[in-house]
Amino acid sequence: MELLHVPPFSCVGSARNELILEIVRRIIGFLSIIGSSFIVSDIVKKVHDGNGTDPYQRIMLVLSMFDIIYSIFVPFGGTWMVPKGTGWRWAVGNTASCSAQGFFYMFGAFGEIFYQAAISLNILLLIVFGWTQEKFAKKVEKPMHVIIITVALIIAIVPLPFQSYNPFCGQCSPSLVWKCSIKDEKESCNWVSRGTYRIIQVTDIISGSLLIIALIFCTVAMVWVYLHVRRQEVKMQRYVFRG
């Protein structure tokens with residue numbers, strides 16, 4: 001007898017916990033979509049009214065669009081896009097919808113991460129190095145958008161031809177589908193029926209490394225900004241005291 005290996009209850013221990021998780025995911029996803037939609041609407045309205053936007057606002061616009069994409073397909077879409085045969089609660093999807101969710105999971109998540117780093121870069125250059133928004137727009141903005149979107153697309157596209165977007169713990173992401181056999185009342189999962197182990201391993205290493213680099217950059221940039229502003233405050237206090 002052969003069967004797909006599916007972790008029970010979406011890896012949360014019980015059917016009750018699975019239900020709670022799916023409800024919370026959808027509430028969070030819905031609220032995220034609403035919040036990001038307000039940001040997009042506000043910036044688009046400014047453009048429509050003839051008011052100019054600066055690089056920070058345009059970064060926020062694209063960041064919010066990535067967040068909407070991610071929220072629709074991952075927390076809000078949830079198990080609705082997971083293949084029905086997996087047995088997860090509310091799973092009504094198929095292989096195609098699972099691949100779509102996996103693609104937008106990676107594309108949306110890394111787009112958000114990279115644009116968070118872009119915001120940190122914008123603030124760092126403006127406050128610490130004295131750039132203007134016009135200088136940032138001229139020297140950095142266009143190549144920044146091209147690089148971020150291209151890298152996010154590559155990360156999201158690579159697993160597709162290798163059938164590496166598969167259900168795991170109630171959502172589809174780069175993972176393997178193991179086939180198991182039951183013999184003499186013992187379950188043995190020995191081979192992969194879908195997905196490529198090496199591709200998933202490389203994807204995990206690259207995406208994990210980029211995530212760590214982005215987090216370190218954002219942290220260092222914000223600490224740098226804080227220290228710079230703090231030094232300016234101390235100088236001003238000394239100047240006022242002497243005056």
# chains A, B, ... in the order shown; residues from 1 in each chain; ligands from 1
call {"tool": "residues_around", "arguments": {"residues": "Leu215 (chain A)", "least_positions_apart": "5", "cutoff": "10 Å", "atoms": "only C-alpha atoms", "output": "number ranges by chain"}}
result
A: 113-114, 116-117, 209-210, 220-221
call {"tool": "select_by_dssp", "arguments": {"residues": "region 25-176 of chain A", "states": "helix (DSSP H, G or I)", "output": "number ranges by chain"}}
result
A: 25-48, 55-76, 78-81, 84-86, 95-127, 133-157, 160-162
call {"tool": "residues_around", "arguments": {"residues": "Gly195 (chain A)", "least_positions_apart": "5", "cutoff": "9 Å", "atoms": "only C-alpha atoms", "output": "list in words"}}
result
Pro159, Phe162, Gln163, Ser164, Tyr165, Asn166, Pro174, Ser175, Leu176, Val177, Trp178 and Ile200 of chain A
call {"tool": "residues_around", "arguments": {"residues": "Met65 (chain A)", "least_positions_apart": "3", "cutoff": "9 Å", "atoms": "only C-alpha atoms", "output": "short mmCIF file (atom, residue, chain, number, x, y, z; two decimals) with C-alpha atoms, in the first residue's frame"}}
result
data_model
loop_
_atom_site.label_atom_id
_atom_site.label_comp_id
_atom_site.auth_asym_id
_atom_site.auth_seq_id
_atom_site.Cartn_x
_atom_site.Cartn_y
_atom_site.Cartn_z
CA SER A 36 -1.43 47.70 2.44
CA SER A 37 -4.33 48.61 0.14
CA VAL A 40 -1.34 51.95 -2.21
CA MET A 60 6.44 52.04 0.15
CA LEU A 61 4.10 51.66 -2.83
CA VAL A 62 5.94 48.64 -4.24
CA ILE A 68 -0.81 42.37 -0.87
CA ILE A 69 0.42 39.62 -3.20
CA TYR A 70 1.91 37.63 -0.33
CA GLY A 108 6.03 38.21 -2.24
CA GLU A 112 8.94 42.55 0.99
#
call {"tool": "residues_around", "arguments": {"residues": "Phe217 (chain A)", "least_positions_apart": "4", "cutoff": "9 Å", "atoms": "only C-alpha atoms", "output": "list of chain:residue names"}}
result
A:Ala117, A:Ser120, A:Leu121, A:Ile212, A:Ile213, A:Ala221, A:Met222
call {"tool": "write_last_selection", "arguments": {"atoms": "N, CA, C and O atoms", "output": "mmCIF file, in the first residue's frame"}}
result
data_model
loop_
_atom_site.group_PDB
_atom_site.id
_atom_site.type_symbol
_atom_site.label_atom_id
_atom_site.label_comp_id
_atom_site.auth_asym_id
_atom_site.auth_seq_id
_atom_site.Cartn_x
_atom_site.Cartn_y
_atom_site.Cartn_z
ATOM 1 N N ALA A 117 14.775 46.474 3.167
ATOM 2 C CA ALA A 117 16.186 46.889 3.113
ATOM 3 C C ALA A 117 16.338 48.177 2.306
ATOM 4 O O ALA A 117 17.171 49.026 2.636
ATOM 5 N N SER A 120 15.540 51.082 4.495
ATOM 6 C CA SER A 120 16.672 51.338 5.388
ATOM 7 C C SER A 120 17.786 52.064 4.644
ATOM 8 O O SER A 120 18.412 52.993 5.192
ATOM 9 N N LEU A 121 18.051 51.660 3.406
ATOM 10 C CA LEU A 121 19.078 52.322 2.594
ATOM 11 C C LEU A 121 18.713 53.773 2.330
ATOM 12 O O LEU A 121 19.566 54.667 2.441
ATOM 13 N N ILE A 212 19.309 36.623 5.871
ATOM 14 C CA ILE A 212 20.218 37.031 6.941
ATOM 15 C C ILE A 212 20.945 38.322 6.572
ATOM 16 O O ILE A 212 21.066 39.243 7.397
ATOM 17 N N ILE A 213 21.406 38.420 5.317
ATOM 18 C CA ILE A 213 22.102 39.633 4.869
ATOM 19 C C ILE A 213 21.179 40.847 4.960
ATOM 20 O O ILE A 213 21.584 41.920 5.434
ATOM 21 N N ALA A 221 21.997 49.524 9.516
ATOM 22 C CA ALA A 221 21.605 50.833 8.991
ATOM 23 C C ALA A 221 20.832 51.632 10.028
ATOM 24 O O ALA A 221 21.087 52.835 10.228
ATOM 25 N N MET A 222 19.882 51.002 10.707
ATOM 26 C CA MET A 222 19.073 51.720 11.691
ATOM 27 C C MET A 222 19.888 52.102 12.930
ATOM 28 O O MET A 222 19.695 53.177 13.496
#
call {"tool": "atom_distance", "arguments": {"atom1": "CA of Thr196 (chain A)", "atom2": "CA of Ala214 (chain A)"}}
result
26.7 Å
call {"tool": "closest_residue", "arguments": {"among": "A:Ser71, A:Cys172, A:Met236, A:Val12", "to": "Gly93 (chain A)", "atoms": "only C-alpha atoms"}}
result
A:Cys172
call {"tool": "atom_distance", "arguments": {"atom1": "CA of Leu125 (chain A)", "atom2": "CA of Ile216 (chain A)"}}
result
16.7 Å
